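Shown next: my_file13.tsv, given as TSV, C-alpha atoms.
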```tsv
chain	number	residue	atom	x	y	z
N	1	MET	CA	330.36	180.55	123.63
N	2	ARG	CA	331.30	177.00	124.59
N	3	ASN	CA	334.62	178.22	126.04
N	4	ALA	CA	332.77	180.87	128.04
N	5	LEU	CA	330.49	178.25	129.61
N	6	ILE	CA	333.49	176.07	130.47
N	7	PHE	CA	335.17	179.07	132.14
N	8	ILE	CA	332.07	179.78	134.26
N	9	ILE	CA	331.86	176.14	135.36
N	10	VAL	CA	335.54	176.16	136.35
N	11	CYS	CA	335.05	179.41	138.30
N	12	LEU	CA	332.06	178.04	140.18
N	13	THR	CA	333.96	174.85	140.99
N	14	CYS	CA	336.91	176.82	142.30
N	15	THR	CA	334.56	178.87	144.47
N	16	GLN	CA	333.85	175.78	146.57
N	17	VAL	CA	337.57	175.50	147.28
N	18	GLY	CA	337.98	179.24	147.74
N	19	TRP	CA	335.57	179.57	150.64
N	20	SER	CA	337.96	177.72	152.96
N	21	GLN	CA	341.01	179.74	151.87
N	22	GLU	CA	342.14	183.17	153.01
N	23	ASN	CA	340.36	185.77	150.90
N	24	TYR	CA	342.62	187.69	148.53
N	25	LYS	CA	342.40	191.47	149.01
N	26	PRO	CA	343.77	193.39	146.01
N	27	THR	CA	344.31	197.15	146.01
N	28	SER	CA	345.46	198.82	142.80
N	29	SER	CA	345.33	196.92	139.53
N	30	PHE	CA	345.64	197.24	135.76
N	31	LYS	CA	342.94	195.49	133.77
N	32	VAL	CA	342.33	194.87	130.09
N	33	GLU	CA	339.31	193.20	128.52
N	34	ILE	CA	338.61	192.12	124.94
N	35	GLY	CA	335.05	191.24	123.98
N	36	LEU	CA	332.55	190.72	121.21
N	37	PRO	CA	329.72	193.30	121.11
N	38	ASN	CA	326.24	192.13	120.13
N	39	ASN	CA	323.63	194.71	119.11
N	40	ALA	CA	320.55	194.62	121.30
N	41	THR	CA	318.18	197.52	120.56
N	42	ASN	CA	317.65	200.24	117.91
N	43	PHE	CA	316.35	198.30	114.92
N	44	ALA	CA	318.37	200.15	112.26
N	45	PHE	CA	321.65	199.79	114.16
N	46	ARG	CA	320.99	196.14	114.94
N	47	ASP	CA	320.00	195.32	111.38
N	48	LEU	CA	322.76	197.17	109.50
N	49	MET	CA	325.78	196.92	111.83
N	50	GLN	CA	327.60	193.95	113.33
N	51	GLY	CA	329.95	194.15	116.28
N	52	LEU	CA	333.54	192.96	115.87
N	53	VAL	CA	335.51	194.02	118.94
N	54	VAL	CA	335.52	195.98	122.20
N	55	VAL	CA	338.85	196.68	123.94
N	56	THR	CA	338.85	198.18	127.46
N	57	PRO	CA	342.11	198.90	129.31
N	58	SER	CA	341.66	200.46	132.76
N	59	TYR	CA	343.16	201.18	136.18
N	60	GLN	CA	341.24	200.31	139.35
N	61	TYR	CA	341.72	200.90	143.07
N	62	THR	CA	339.89	198.77	145.65
N	63	PHE	CA	339.50	199.97	149.24
N	64	ASP	CA	339.54	197.77	152.35
N	65	ASN	CA	335.73	197.67	152.36
N	66	THR	CA	335.82	196.22	148.75
N	67	LEU	CA	334.47	199.46	147.20
N	68	SER	CA	336.34	200.06	143.95
N	69	ILE	CA	336.85	203.07	141.71
N	70	GLY	CA	338.58	203.23	138.38
N	71	ALA	CA	339.10	204.91	135.04
N	72	GLY	CA	339.93	203.68	131.60
N	73	LEU	CA	339.78	203.85	127.82
N	74	ARG	CA	337.37	202.14	125.47
N	75	TYR	CA	337.50	201.25	121.79
N	76	ASN	CA	334.67	199.63	119.82
N	77	TYR	CA	334.37	198.68	116.19
N	78	PHE	CA	331.13	197.84	114.39
N	79	SER	CA	331.30	196.95	110.70
N	80	VAL	CA	328.60	197.40	108.08
N	81	ASN	CA	326.79	194.16	107.37
N	82	GLU	CA	327.24	194.14	103.58
N	83	PHE	CA	324.55	191.47	103.21
N	84	LYS	CA	321.91	193.69	104.84
N	85	ASN	CA	322.04	196.70	102.50
N	86	THR	CA	321.22	197.16	98.82
N	87	VAL	CA	323.43	200.17	98.04
N	88	ASP	CA	326.90	198.58	98.35
N	89	LEU	CA	327.60	200.40	101.60
N	90	SER	CA	330.85	199.31	103.25
N	91	GLY	CA	332.97	200.41	106.18
N	92	GLY	CA	332.15	200.71	109.85
N	93	ILE	CA	331.96	202.75	113.05
N	94	HIS	CA	335.00	203.33	115.25
N	95	THR	CA	334.20	204.48	118.78
N	96	ALA	CA	336.90	205.81	121.12
N	97	GLY	CA	336.07	206.91	124.64
N	98	VAL	CA	337.06	207.41	128.26
N	99	PHE	CA	335.14	206.36	131.38
N	100	GLY	CA	335.06	206.34	135.14
N	101	LYS	CA	333.87	203.33	137.12
N	102	ILE	CA	332.46	202.68	140.57
N	103	GLY	CA	331.69	199.23	141.89
N	104	GLN	CA	332.86	196.43	144.15
N	105	GLU	CA	335.66	193.87	143.86
N	106	LYS	CA	335.79	190.97	146.27
N	107	PHE	CA	337.58	187.63	146.36
N	108	TYR	CA	336.54	184.35	147.94
N	109	GLY	CA	339.75	182.39	148.00
N	110	ASN	CA	341.04	182.43	144.44
N	111	PHE	CA	337.67	183.31	142.91
N	112	GLY	CA	336.70	186.96	142.55
N	113	VAL	CA	333.65	189.01	141.62
N	114	ASP	CA	334.12	192.49	140.17
N	115	TYR	CA	331.00	194.44	139.26
N	116	GLY	CA	329.99	198.04	138.83
N	117	VAL	CA	328.93	200.77	136.43
N	118	ARG	CA	331.05	202.56	133.85
N	119	VAL	CA	330.03	206.09	132.86
N	120	GLY	CA	331.87	207.80	130.03
N	121	TYR	CA	332.10	209.91	126.92
N	122	SER	CA	332.98	208.75	123.42
N	123	MET	CA	333.58	209.93	119.88
N	124	ASN	CA	332.09	207.99	116.96
N	125	PHE	CA	333.75	207.95	113.55
N	126	MET	CA	331.64	206.58	110.68
N	127	THR	CA	334.16	205.51	108.04
N	128	THR	CA	332.15	204.39	105.01
N	129	ASN	CA	332.74	204.45	101.27
N	130	PHE	CA	329.83	206.91	100.88
N	131	ASN	CA	331.28	209.29	103.48
N	132	GLU	CA	334.63	209.15	101.73
N	133	THR	CA	332.99	210.20	98.45
N	134	LEU	CA	330.65	212.78	99.99
N	135	ARG	CA	332.86	214.32	102.68
N	136	GLY	CA	336.36	213.16	101.86
N	137	GLY	CA	336.54	211.43	105.26
N	138	PRO	CA	334.50	210.03	108.14
N	139	TYR	CA	331.41	211.57	109.72
N	140	SER	CA	331.92	212.08	113.46
N	141	ASN	CA	329.76	212.81	116.48
N	142	ASP	CA	329.97	212.40	120.23
N	143	ALA	CA	327.83	210.81	122.93
N	144	GLY	CA	327.82	209.71	126.53
N	145	PHE	CA	327.49	206.09	127.56
N	146	VAL	CA	326.63	204.01	130.63
N	147	GLU	CA	327.58	200.36	131.05
N	148	PRO	CA	326.69	198.02	133.93
N	149	HIS	CA	329.50	195.46	134.07
N	150	LEU	CA	330.29	192.09	135.70
N	151	GLY	CA	333.58	190.21	135.85
N	152	LEU	CA	334.18	186.70	137.22
N	153	ALA	CA	337.88	186.31	137.96
N	154	LEU	CA	340.17	183.40	138.75
N	155	THR	CA	343.61	184.18	140.20
N	156	ALA	CA	346.68	182.59	138.59
N	157	ASN	CA	349.05	183.84	141.32
N	158	GLU	CA	349.23	186.69	143.83
N	159	ASN	CA	349.66	189.30	141.07
N	160	THR	CA	347.51	188.11	138.16
N	161	SER	CA	344.02	186.86	137.37
N	162	PHE	CA	341.96	186.01	134.31
N	163	ARG	CA	338.30	186.78	133.96
N	164	PHE	CA	335.09	186.18	132.10
N	165	ALA	CA	333.45	189.57	131.48
N	166	LEU	CA	329.90	190.70	130.71
N	167	GLY	CA	328.63	194.21	129.98
N	168	TYR	CA	325.54	195.98	128.69
N	169	ALA	CA	326.21	199.43	127.21
N	170	PHE	CA	323.75	202.26	126.59
N	171	HIS	CA	325.01	204.87	124.08
N	172	ALA	CA	323.19	208.21	123.82
N	173	PHE	CA	323.40	208.70	120.08
N	174	GLU	CA	320.81	208.27	117.35
N	175	PHE	CA	321.80	206.17	114.36
N	176	ARG	CA	320.83	208.10	111.20
N	177	PRO	CA	321.38	207.59	107.44
N	178	ASN	CA	323.28	210.86	106.98
N	179	GLN	CA	325.95	209.61	109.42
N	180	MET	CA	326.74	206.83	106.96
N	181	GLY	CA	326.61	209.13	103.91
N	182	LEU	CA	323.12	208.02	102.81
N	183	ASP	CA	319.80	209.77	102.26
N	184	GLN	CA	317.83	206.93	103.84
N	185	PHE	CA	318.03	203.35	105.01
N	186	SER	CA	316.08	201.32	102.48
N	187	GLY	CA	312.95	199.68	103.87
N	188	MET	CA	313.16	201.37	107.30
N	189	SER	CA	310.63	203.75	108.77
N	190	GLU	CA	311.22	206.64	111.18
N	191	ASP	CA	310.23	204.35	114.07
N	192	ASP	CA	313.06	202.00	113.13
N	193	LEU	CA	315.54	204.84	113.62
N	194	ASN	CA	314.36	205.78	117.10
N	195	GLY	CA	315.42	204.12	120.30
N	196	THR	CA	318.48	203.96	122.49
N	197	THR	CA	321.50	202.30	120.92
N	198	THR	CA	322.52	199.42	123.17
N	199	TYR	CA	324.64	196.30	122.94
N	200	PHE	CA	325.86	193.60	125.29
N	201	THR	CA	329.44	192.37	125.38
N	202	VAL	CA	330.83	188.94	126.16
N	203	GLY	CA	334.58	188.69	126.57
N	204	PHE	CA	337.65	187.78	128.54
N	205	GLY	CA	340.11	189.84	130.53
N	206	TYR	CA	343.41	189.96	132.40
N	207	SER	CA	344.28	191.77	135.63
N	208	TYR	CA	347.66	192.64	137.11
N	209	TYR	CA	347.63	193.57	140.83
N	210	PHE	CA	350.30	195.99	142.05
N	211	GLY	CA	349.76	195.21	145.72
N	212	ASP	CA	347.82	192.92	148.04
```
Just give me the structure as structure tokens.
Amino acid sequence: MRNALIFIIVCLTCTQVGWSQENYKPTSSFKVEIGLPNNATNFAFRDLMQGLVVVTPSYQYTFDNTLSIGAGLRYNYFSVNEFKNTVDLSGGIHTAGVFGKIGQEKFYGNFGVDYGVRVGYSMNFMTTNFNETLRGGPYSNDAGFVEPHLGLALTANENTSFRFALGYAFHAFEFRPNQMGLDQFSGMSEDDLNGTTTYFTVGFGYSYYFGD
């Protein structure tokens, strides 16, 4: 978290220099982000699972008016918090998905802002020791997701930039005991199982620009 704050301060400092420079105008670019997901809502999901990684490679095209469109892949992994269950549950949830994005990307000198909304579809694979015993493999289901997203970028040269990235994802799936190979989550009521599954992501990214 300390490194993230330092990065923001550096970006804001560079913005003051960037205003007097010619604005960079990227077109097509390849981007990849790696972040740490933090559970936000859905009590059962927040209490039992802990986020380990989100990886998001994507392609983006930015028009002359700074409107941007893109598409990409997404992989998440949440592991079972072994200290928060009393039945020796272990394993995690792998999520693999695809998405489209619409937003805006604009540079002020060497400082850039890239924000928008990702809308996609994903498959969830619950790989736990109980599912292995009960089913001989993971439980799987699918769901759509929506993620507002913000990136603060700093160019290294005319073809590359590095960024601090923030996102808040809404996944349209209910987190239930049977998905993990259990009959119930100990100490949790039906109300604890309801609610949209959401998490916010803090991470860093890299962009390669194919043209200017």
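The nearest approach to Ser186 in chain N among the residues N:Lys84, N:His171, N:Arg118, N:Lys101, with all atoms listed in the file taken into account, belongs to N:Lys84.
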Selected residue, from N:Ala40, N:Leu89, N:Val113, N:Leu48, that lies nearest to Leu182 in chain N when counting only C-alpha atoms:
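Ranking N:Ala40, N:Leu89, N:Val113, N:Leu48 by distance to Leu182 in chain N, first place goes to N:Leu89.
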Using all atoms listed in the file, give me every residue within 9 Å of (311.5, 197.3, 110.5) in file coordinates, as a VMD selection string.
chain N and resid 43 to 44 47 187 to 189 191 to 192
I'd like to know which of N:Gly205, N:Pro26, N:Pro148, N:Gly100 is closest to Ala169 in chain N, using all atoms listed in the file.
N:Pro148
Taking into account all atoms listed in the file, which residue in the set N:Met49, N:Leu67, N:Val32, N:Ile102 is nearest to Ser207 in chain N?
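Result for the nearest residue to Ser207 in chain N: N:Val32.
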Enumerate, in order of chain and increasing residue number, the residues of range 97-122 of chain N with an atom no farther than 10 Å from range 149-167 of chain N, each with its shortest atom pair and distance in Å to one decimal, counting only C-alpha atoms, as a tab-separated table.
```
residue	atom	partner	partner_atom	distance
N:Lys101	CA	N:His149	CA	9.5
N:Gly103	CA	N:His149	CA	9.0
N:Gln104	CA	N:Leu150	CA	9.8
N:Glu105	CA	N:Gly151	CA	9.0
N:Lys106	CA	N:Ala153	CA	9.8
N:Phe107	CA	N:Ala153	CA	8.5
N:Tyr108	CA	N:Leu154	CA	9.9
N:Gly109	CA	N:Thr155	CA	8.9
N:Asn110	CA	N:Thr155	CA	5.3
N:Phe111	CA	N:Leu154	CA	4.9
N:Gly112	CA	N:Ala153	CA	4.8
N:Val113	CA	N:Leu152	CA	5.0
N:Asp114	CA	N:Gly151	CA	4.9
N:Tyr115	CA	N:Leu150	CA	4.3
N:Gly116	CA	N:His149	CA	5.4
N:Val117	CA	N:His149	CA	5.8
N:Arg118	CA	N:His149	CA	7.3
```
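When CA of Pro177 in chain N is paired with CA of Gly144 in chain N, their separation reads 20.3 Å.
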Counting all atoms listed in the file, which residue out of N:Val55, N:Val119, N:Leu73, N:Val202 sits closest to Leu36 in chain N?
N:Val202
Between CA of Phe30 in chain N and CA of Tyr208 in chain N, what is the distance, to one decimal in Å?
5.2 Å
With all atoms of range 146-158 of chain N from the file as input, state the centre and edge lengths in Å to one decimal of the axis-aligned box that has 5 Å extra on each side, as lines of an AutoDock Vina configuration file.
```
center_x = 337.9
center_y = 193.3
center_z = 137.2
size_x = 32.6
size_y = 31.4
size_z = 23.2
```
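Our summary of the geometry notes that CA of Glu132 in chain N is positioned 8.3 Å from CA of Gly181 in chain N.
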Subset file: range 116-138 of chain N, N, CA, C and O atoms, as a PDB file, in the first residue's frame:
```pdb
ATOM      1  N   GLY N 116     -13.012   3.591 -17.374  1.00  0.00           N
ATOM      2  CA  GLY N 116     -14.109   3.045 -18.133  1.00  0.00           C
ATOM      3  C   GLY N 116     -14.820   1.937 -17.386  1.00  0.00           C
ATOM      4  O   GLY N 116     -14.666   1.790 -16.168  1.00  0.00           O
ATOM      5  N   VAL N 117     -15.580   1.155 -18.125  1.00  0.00           N
ATOM      6  CA  VAL N 117     -16.347   0.050 -17.541  1.00  0.00           C
ATOM      7  C   VAL N 117     -16.078  -1.213 -18.348  1.00  0.00           C
ATOM      8  O   VAL N 117     -16.170  -1.202 -19.584  1.00  0.00           O
ATOM      9  N   ARG N 118     -15.752  -2.285 -17.641  1.00  0.00           N
ATOM     10  CA  ARG N 118     -15.597  -3.597 -18.255  1.00  0.00           C
ATOM     11  C   ARG N 118     -16.866  -4.407 -18.012  1.00  0.00           C
ATOM     12  O   ARG N 118     -17.370  -4.445 -16.890  1.00  0.00           O
ATOM     13  N   VAL N 119     -17.366  -5.046 -19.060  1.00  0.00           N
ATOM     14  CA  VAL N 119     -18.541  -5.910 -18.948  1.00  0.00           C
ATOM     15  C   VAL N 119     -18.160  -7.256 -19.554  1.00  0.00           C
ATOM     16  O   VAL N 119     -17.677  -7.320 -20.696  1.00  0.00           O
ATOM     17  N   GLY N 120     -18.363  -8.338 -18.795  1.00  0.00           N
ATOM     18  CA  GLY N 120     -17.909  -9.620 -19.304  1.00  0.00           C
ATOM     19  C   GLY N 120     -18.655 -10.820 -18.758  1.00  0.00           C
ATOM     20  O   GLY N 120     -19.669 -10.707 -18.072  1.00  0.00           O
ATOM     21  N   TYR N 121     -18.107 -11.960 -19.092  1.00  0.00           N
ATOM     22  CA  TYR N 121     -18.680 -13.260 -18.736  1.00  0.00           C
ATOM     23  C   TYR N 121     -17.546 -14.131 -18.223  1.00  0.00           C
ATOM     24  O   TYR N 121     -16.432 -14.109 -18.765  1.00  0.00           O
ATOM     25  N   SER N 122     -17.822 -14.904 -17.157  1.00  0.00           N
ATOM     26  CA  SER N 122     -16.757 -15.710 -16.573  1.00  0.00           C
ATOM     27  C   SER N 122     -17.266 -17.079 -16.138  1.00  0.00           C
ATOM     28  O   SER N 122     -18.453 -17.278 -15.891  1.00  0.00           O
ATOM     29  N   MET N 123     -16.331 -18.002 -16.036  1.00  0.00           N
ATOM     30  CA  MET N 123     -16.576 -19.324 -15.483  1.00  0.00           C
ATOM     31  C   MET N 123     -15.840 -19.428 -14.149  1.00  0.00           C
ATOM     32  O   MET N 123     -14.685 -19.005 -14.035  1.00  0.00           O
ATOM     33  N   ASN N 124     -16.537 -19.972 -13.142  1.00  0.00           N
ATOM     34  CA  ASN N 124     -15.952 -20.156 -11.822  1.00  0.00           C
ATOM     35  C   ASN N 124     -15.721 -21.643 -11.563  1.00  0.00           C
ATOM     36  O   ASN N 124     -16.617 -22.463 -11.797  1.00  0.00           O
ATOM     37  N   PHE N 125     -14.545 -21.973 -11.085  1.00  0.00           N
ATOM     38  CA  PHE N 125     -14.205 -23.359 -10.780  1.00  0.00           C
ATOM     39  C   PHE N 125     -13.809 -23.451  -9.307  1.00  0.00           C
ATOM     40  O   PHE N 125     -12.769 -22.930  -8.902  1.00  0.00           O
ATOM     41  N   MET N 126     -14.662 -24.110  -8.498  1.00  0.00           N
ATOM     42  CA  MET N 126     -14.424 -24.263  -7.075  1.00  0.00           C
ATOM     43  C   MET N 126     -13.646 -25.552  -6.840  1.00  0.00           C
ATOM     44  O   MET N 126     -14.189 -26.648  -6.887  1.00  0.00           O
ATOM     45  N   THR N 127     -12.349 -25.425  -6.635  1.00  0.00           N
ATOM     46  CA  THR N 127     -11.476 -26.591  -6.468  1.00  0.00           C
ATOM     47  C   THR N 127     -11.151 -26.766  -4.983  1.00  0.00           C
ATOM     48  O   THR N 127     -10.192 -26.195  -4.487  1.00  0.00           O
ATOM     49  N   THR N 128     -11.970 -27.541  -4.291  1.00  0.00           N
ATOM     50  CA  THR N 128     -11.760 -27.779  -2.864  1.00  0.00           C
ATOM     51  C   THR N 128     -11.544 -29.266  -2.593  1.00  0.00           C
ATOM     52  O   THR N 128     -11.876 -30.118  -3.423  1.00  0.00           O
ATOM     53  N   ASN N 129     -11.023 -29.566  -1.426  1.00  0.00           N
ATOM     54  CA  ASN N 129     -10.823 -30.967  -1.045  1.00  0.00           C
ATOM     55  C   ASN N 129     -12.157 -31.699  -0.913  1.00  0.00           C
ATOM     56  O   ASN N 129     -12.258 -32.887  -1.243  1.00  0.00           O
ATOM     57  N   PHE N 130     -13.214 -31.002  -0.503  1.00  0.00           N
ATOM     58  CA  PHE N 130     -14.528 -31.640  -0.378  1.00  0.00           C
ATOM     59  C   PHE N 130     -15.127 -31.933  -1.758  1.00  0.00           C
ATOM     60  O   PHE N 130     -15.772 -32.971  -1.951  1.00  0.00           O
ATOM     61  N   ASN N 131     -14.942 -31.025  -2.709  1.00  0.00           N
ATOM     62  CA  ASN N 131     -15.427 -31.285  -4.065  1.00  0.00           C
ATOM     63  C   ASN N 131     -14.671 -32.441  -4.712  1.00  0.00           C
ATOM     64  O   ASN N 131     -15.252 -33.227  -5.469  1.00  0.00           O
ATOM     65  N   GLU N 132     -13.409 -32.543  -4.430  1.00  0.00           N
ATOM     66  CA  GLU N 132     -12.621 -33.642  -4.974  1.00  0.00           C
ATOM     67  C   GLU N 132     -13.144 -34.982  -4.472  1.00  0.00           C
ATOM     68  O   GLU N 132     -13.255 -35.951  -5.237  1.00  0.00           O
ATOM     69  N   THR N 133     -13.503 -35.039  -3.188  1.00  0.00           N
ATOM     70  CA  THR N 133     -14.036 -36.277  -2.616  1.00  0.00           C
ATOM     71  C   THR N 133     -15.453 -36.559  -3.103  1.00  0.00           C
ATOM     72  O   THR N 133     -15.795 -37.694  -3.452  1.00  0.00           O
ATOM     73  N   LEU N 134     -16.280 -35.511  -3.144  1.00  0.00           N
ATOM     74  CA  LEU N 134     -17.692 -35.674  -3.488  1.00  0.00           C
ATOM     75  C   LEU N 134     -17.922 -35.854  -4.980  1.00  0.00           C
ATOM     76  O   LEU N 134     -18.733 -36.689  -5.402  1.00  0.00           O
ATOM     77  N   ARG N 135     -17.222 -35.069  -5.800  1.00  0.00           N
ATOM     78  CA  ARG N 135     -17.487 -35.032  -7.241  1.00  0.00           C
ATOM     79  C   ARG N 135     -16.340 -35.581  -8.085  1.00  0.00           C
ATOM     80  O   ARG N 135     -16.492 -35.786  -9.281  1.00  0.00           O
ATOM     81  N   GLY N 136     -15.188 -35.746  -7.472  1.00  0.00           N
ATOM     82  CA  GLY N 136     -14.033 -36.171  -8.248  1.00  0.00           C
ATOM     83  C   GLY N 136     -13.392 -35.038  -9.028  1.00  0.00           C
ATOM     84  O   GLY N 136     -12.552 -35.267  -9.904  1.00  0.00           O
ATOM     85  N   GLY N 137     -13.784 -33.796  -8.739  1.00  0.00           N
ATOM     86  CA  GLY N 137     -13.251 -32.632  -9.432  1.00  0.00           C
ATOM     87  C   GLY N 137     -13.946 -31.375  -8.971  1.00  0.00           C
ATOM     88  O   GLY N 137     -14.775 -31.398  -8.045  1.00  0.00           O
ATOM     89  N   PRO N 138     -13.664 -30.246  -9.599  1.00  0.00           N
ATOM     90  CA  PRO N 138     -14.236 -28.970  -9.157  1.00  0.00           C
ATOM     91  C   PRO N 138     -15.716 -28.820  -9.504  1.00  0.00           C
ATOM     92  O   PRO N 138     -16.206 -29.423 -10.459  1.00  0.00           O
TER      93      PRO N 138
END
```
